Structures are given as structure tokens and as C-alpha cells.
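K.L.:
This is the structure, below, for whatever I ask next.
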Amino acid sequence: MPEQLHPRKTELGRILVLLHNVHITKGTMTKENQKINEWDLTSTNLHRISQRKYEVAILPVAAVEAHNRHLPEGQDLLHTTHIARRCSEMAWKKCQSVICLPTLPYGVDCNLLSYPLTIHVSQPTLDAMVREIIVSLHTHGIRKVVIINGHGGNDFKPLIRQIQCDIDVHVFLCNWWLVASDRYNQIFTKKDDHAGQMETSVAMALYPQLIEPNVAGDGKARQFRFKALQKGWLYTSRDFARLNDHCAAGDPAGASAEKGARYIDLVCRRITQFLAELANTPIDENFPYKP
Ligand SMILES: [Zn+2]
């Protein structure tokens, strides 16, 4: 190609490269889902799958809901998809036998429905979807499934208890925000229950272009009037409309991309390690316990 027509060296070429780079950093369209990845069910194909033996399936589950005023409604969908994909890609390098499924976008959100366009799918509906996906995987010979959950309102423990009694599978639940809670206070200065410093930091690290910091509320939430609930030994579901007027429980002040990246890196390293160990461990009669 003549020097003057080389796309990177002409003005038009520079603009095209620039547009391309902008495009790939936006939303979920990243470089890695523009190519075939054998760890990614969305992009691989029958030809490649037929030559592989997959050991572990990763199923990300999220929610579409209000996150204070400044974070995208797709917050849980975006961060959970990112984490599941990144961990699957890293684990693939260690075992070549993990497959990441597309994220189930919706979650249990009946207690946030006062906020416009929050979408609620009931737990039984979600369980039915997850159950049928696990049964499909089992049909294809995959007996180890890891659910990576990104929304506190989703609760898969009863389903896992039941399905392991019904069919010969091992299902593991990972609420990703808890994976590095032992290091939380070394990274963050404020507690985050919903859309506070941690979630805002994660968004700043992963998709800063989707944040509107100027409209953020302070996340100050009304406290319970009963000591037992304040102490946490009694549980009740929270109607988020009664906490404050901006659907948050945690102050986003002090958030930074650097904090978000540190937390996500740690979470991903730990999950990846588990995925690789799980993939490389055969199921015997004592699995998942020691021999
Ligand atoms: Zn969230």
C-alpha cells in the first residue's frame, strides 16, 4: 500500500482509527466480543464446540434498576457481564474448558418498582429460567455450573439446594461483590449497600462515560426504628422508596476509578482461580469435599 494511502497515515485514516477506538470502549461492545472466543458461548460456534470438552459453565445474572441518579440502569448488567467475561477469559488460559453464557439481564426488583423503568422479574420466574439452563447444560454433559450474581435481590440458594437433589449437578453461587469483602476497608472509605462508593468506583473504572456525577444524591438512607433490625439479627425486605428519594444506600463521594479497578482486579483474580481449580478437578464420590 502506498505510504500516503496507508489508513493510519492519512487524515481520514486517523479519524477512522479514532472512531473505532471510541466505539470499542463504549457500552458492552469491546474488542474481545468482536472476535471468536472459545470461552464465550455467544461468539463460538458448533464447529469449535464439537471439538471441545467443557467442564464448567458460568452463568451471570443481573438486574435492571435505578442506581442513585448518576449510575446507569444497566449497572448490574454491565459490571456482572464484565466480571464473568473477564474471569472466563483468564480461566480459559489455565484450563481451556470453561464456557461463559450470556447474562440474564433481569432480577428481583419488586421493592424498587417505585423508581421509573426499574424492571422486576419474580424469583420463581428467574429460578425457572436458571433451572432450565442448568438442565440444558446437564444434557450436554456439563455438571459444574457457577452462577455469578450481581444483584442483592436475587436469591438462588433454595434453587441450588433443590436442583442438586433432583439432578446430578454441582451448582456454585458467587455474589461477586462479596468476593473481596475482607479487603473492602483497605480500598474504600465508606460502606456501600447500593450505588455508593464501591459501585460508583466500579462504574468509573469500567464505563466512566455512562456516569453523570453532577446529579448524584448523597445516598443517605433512613435507618430502621427497631434495634433488632439495626443490629442485623432480624431481617425484613427494604422498600427502597422509603429509604430516600434517589434509590441509593451508600454515599458515592470519594469514589475513584483507581479504587474500582483495584477491587474488580482482586475479585476477578479470586473468581478466576476458583474457576480453573473447579475445571481441573474431576467429580468423584466425595466431590466437592476432600477425599
Ligand atoms: Zn447494583
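Numbering starts fresh at 1 for the residues of each chain in the C-alpha cells, the chains themselves are lettered A, B, ... in the order given, and ligands are numbered from 1 as they appear.
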With a distance cut-off of 9 Å and only C-alpha atoms, select the neighbouring residues of Arg262 in chain A, excluding the residue or stretch itself and same-chain residues fewer than 5 positions from it, and output the selection as a short mmCIF file (atom, residue, chain, number, x, y, z; two decimals) with N, CA and C atoms, in the first residue's frame.

P.N.:
```cif
data_model
loop_
_atom_site.label_atom_id
_atom_site.label_comp_id
_atom_site.auth_asym_id
_atom_site.auth_seq_id
_atom_site.Cartn_x
_atom_site.Cartn_y
_atom_site.Cartn_z
N ILE A 187 -9.62 -0.61 50.70
CA ILE A 187 -9.77 0.09 49.42
C ILE A 187 -10.75 1.26 49.52
N ALA A 257 -11.87 5.76 39.96
CA ALA A 257 -11.62 4.65 39.03
C ALA A 257 -10.54 3.72 39.57
N VAL A 267 -11.32 -9.16 42.89
CA VAL A 267 -12.48 -10.04 42.73
C VAL A 267 -12.24 -11.01 41.57
#
```

K.L.:
Residues within 8 Å of ligand 1 should be enumerated using only C-alpha atoms and all ligand atoms and returned as an mmCIF file with C-alpha atoms, in the first residue's frame.

P.N.:
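Everything below was put into part-v2.cif:
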```
data_model
loop_
_atom_site.group_PDB
_atom_site.id
_atom_site.type_symbol
_atom_site.label_atom_id
_atom_site.label_comp_id
_atom_site.auth_asym_id
_atom_site.auth_seq_id
_atom_site.Cartn_x
_atom_site.Cartn_y
_atom_site.Cartn_z
ATOM 1 C CA ALA A 63 -30.827 -6.726 37.266
ATOM 2 C CA GLU A 65 -32.859 -0.985 38.221
ATOM 3 C CA HIS A 67 -28.814 3.139 40.949
ATOM 4 C CA GLN A 75 -25.213 -1.022 36.187
ATOM 5 C CA ASP A 76 -25.600 -4.599 37.470
ATOM 6 C CA GLY A 150 -24.552 -9.194 40.533
ATOM 7 C CA HIS A 151 -27.740 -8.172 42.331
ATOM 8 C CA GLY A 152 -28.524 -8.455 46.043
ATOM 9 C CA HIS A 194 -26.488 0.187 46.836
ATOM 10 C CA ALA A 195 -24.994 2.675 44.349
ATOM 11 C CA GLU A 199 -20.469 0.714 42.869
#
```

K.L.:
Under the rule that only C-alpha atoms are counted, which of A:Ala62, A:Val56, A:Val98, A:Ile83 is the nearest residue to Gly153 in chain A?

P.N.:
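Of A:Ala62, A:Val56, A:Val98, A:Ile83, the one nearest Gly153 in chain A, counting only C-alpha atoms, is A:Ala62.
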
K.L.:
Ranking A:His138, A:Arg222, A:Arg270, A:His120 by minimum distance to Ala66 in chain A and counting only C-alpha atoms, which one comes first?

P.N.:
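Smallest distance to Ala66 in chain A is found for A:His120.
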
K.L.:
If you run DSSP on the backbone, which residues of range 176-256 of chain A are alpha helix (DSSP H), as a ChimeraX atom specification?

P.N.:
/A:184-187,197-206,227-231

K.L.:
Hey, which of A:Asn111, A:Ser136, A:Thr80, A:Asn68 ends up closest to Asp251 in chain A? Count only C-alpha atoms.

P.N.:
A:Asn68

K.L.:
Have a look at A:Lys259, A:Asn175, A:Leu266, A:Glu55 and name the one nearest to Cys95 in chain A; count only C-alpha atoms.

P.N.:
A:Glu55

K.L.:
With a distance cut-off of 10 Å and only C-alpha atoms, select the neighbouring residues of Glu258 in chain A, excluding the residue or stretch itself and same-chain residues fewer than 6 positions from it, and output the selection as an mmCIF file with N, CA and C atoms, in the first residue's frame.

P.N.:
```cif
data_model
loop_
_atom_site.group_PDB
_atom_site.id
_atom_site.type_symbol
_atom_site.label_atom_id
_atom_site.label_comp_id
_atom_site.auth_asym_id
_atom_site.auth_seq_id
_atom_site.Cartn_x
_atom_site.Cartn_y
_atom_site.Cartn_z
ATOM 1 N N ILE A 187 -9.621 -0.608 50.698
ATOM 2 C CA ILE A 187 -9.765 0.093 49.416
ATOM 3 C C ILE A 187 -10.749 1.260 49.521
ATOM 4 N N SER A 201 -17.290 3.577 42.074
ATOM 5 C CA SER A 201 -15.886 3.351 41.694
ATOM 6 C C SER A 201 -15.774 2.307 40.588
ATOM 7 N N VAL A 202 -16.560 1.242 40.726
ATOM 8 C CA VAL A 202 -16.547 0.178 39.705
ATOM 9 C C VAL A 202 -17.001 0.756 38.363
ATOM 10 N N MET A 204 -16.773 3.876 37.417
ATOM 11 C CA MET A 204 -15.726 4.789 36.931
ATOM 12 C C MET A 204 -14.589 4.010 36.279
ATOM 13 N N ALA A 205 -14.324 2.824 36.800
ATOM 14 C CA ALA A 205 -13.242 2.003 36.236
ATOM 15 C C ALA A 205 -13.669 1.355 34.916
ATOM 16 N N ILE A 264 -12.141 -4.653 41.561
ATOM 17 C CA ILE A 264 -12.529 -5.579 40.493
ATOM 18 C C ILE A 264 -11.376 -6.540 40.159
#
```

K.L.:
Return as a PyMOL selection string the full set of residues in range 14-189 of chain A whose backbone-based DSSP assignment is strand (DSSP E or B).

P.N.:
chain A and resi 40+56-61+64+67+71+98-100+104+107+119-120+144-149+170-175

K.L.:
With C-alpha atoms retained, export the selected residues as a CSV table (one decimal), in the first residue's frame.

P.N.:
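See selection-v2.csv below for the written result:
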```csv
chain,number,residue,atom,x,y,z
A,40,ASP,CA,-17.7,-17.3,25.1
A,56,VAL,CA,-17.6,-25.6,33.9
A,57,ALA,CA,-20.4,-23.2,32.7
A,58,ILE,CA,-20.5,-19.7,34.0
A,59,LEU,CA,-24.0,-18.1,34.2
A,60,PRO,CA,-24.0,-14.4,35.0
A,61,VAL,CA,-27.3,-13.0,36.4
A,64,VAL,CA,-32.1,-3.6,35.6
A,67,HIS,CA,-28.8,3.1,40.9
A,71,LEU,CA,-25.3,5.5,37.5
A,98,VAL,CA,-14.9,-23.1,30.8
A,99,ILE,CA,-17.8,-21.6,28.9
A,100,CYS,CA,-19.4,-18.2,29.7
A,104,LEU,CA,-29.6,-13.0,32.3
A,107,GLY,CA,-33.6,-9.6,38.5
A,119,ILE,CA,-37.8,-3.9,35.8
A,120,HIS,CA,-38.9,-6.7,38.2
A,144,LYS,CA,-20.4,-27.9,37.2
A,145,VAL,CA,-22.1,-24.6,37.0
A,146,VAL,CA,-21.1,-21.3,38.6
A,147,ILE,CA,-23.8,-18.6,38.9
A,148,ILE,CA,-22.1,-15.2,39.1
A,149,ASN,CA,-24.8,-13.0,40.6
A,170,HIS,CA,-22.9,-29.2,41.2
A,171,VAL,CA,-24.0,-25.6,41.3
A,172,PHE,CA,-22.0,-22.8,42.9
A,173,LEU,CA,-23.2,-19.3,43.7
A,174,CYS,CA,-20.9,-16.3,43.7
A,175,ASN,CA,-22.3,-13.0,44.8
```

K.L.:
Which residue gives the smallest distance to Thr44 in chain A among A:Leu101, A:Leu229, A:Val179, A:Val135, with only C-alpha atoms counted?

P.N.:
A:Leu101

K.L.:
Taking into account only C-alpha atoms, which residue in the set A:Arg69, A:Arg131, A:Arg183, A:His140 is nearest to Ser50 in chain A?

P.N.:
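With only C-alpha atoms as the atom set, the closest residue is A:His140.
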
K.L.:
Calculate how many Å separate CA of Leu234 in chain A from CA of Tyr184 in chain A, rounding to one decimal.

P.N.:
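Atom-to-atom, CA of Leu234 in chain A to CA of Tyr184 in chain A, that is 23.9 Å.
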
K.L.:
Can you work out the spacing between CA of Phe224 in chain A and CA of His246 in chain A in Å, to one decimal?

P.N.:
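So the two atoms, CA of Phe224 in chain A and CA of His246 in chain A, lie 17.7 Å apart.
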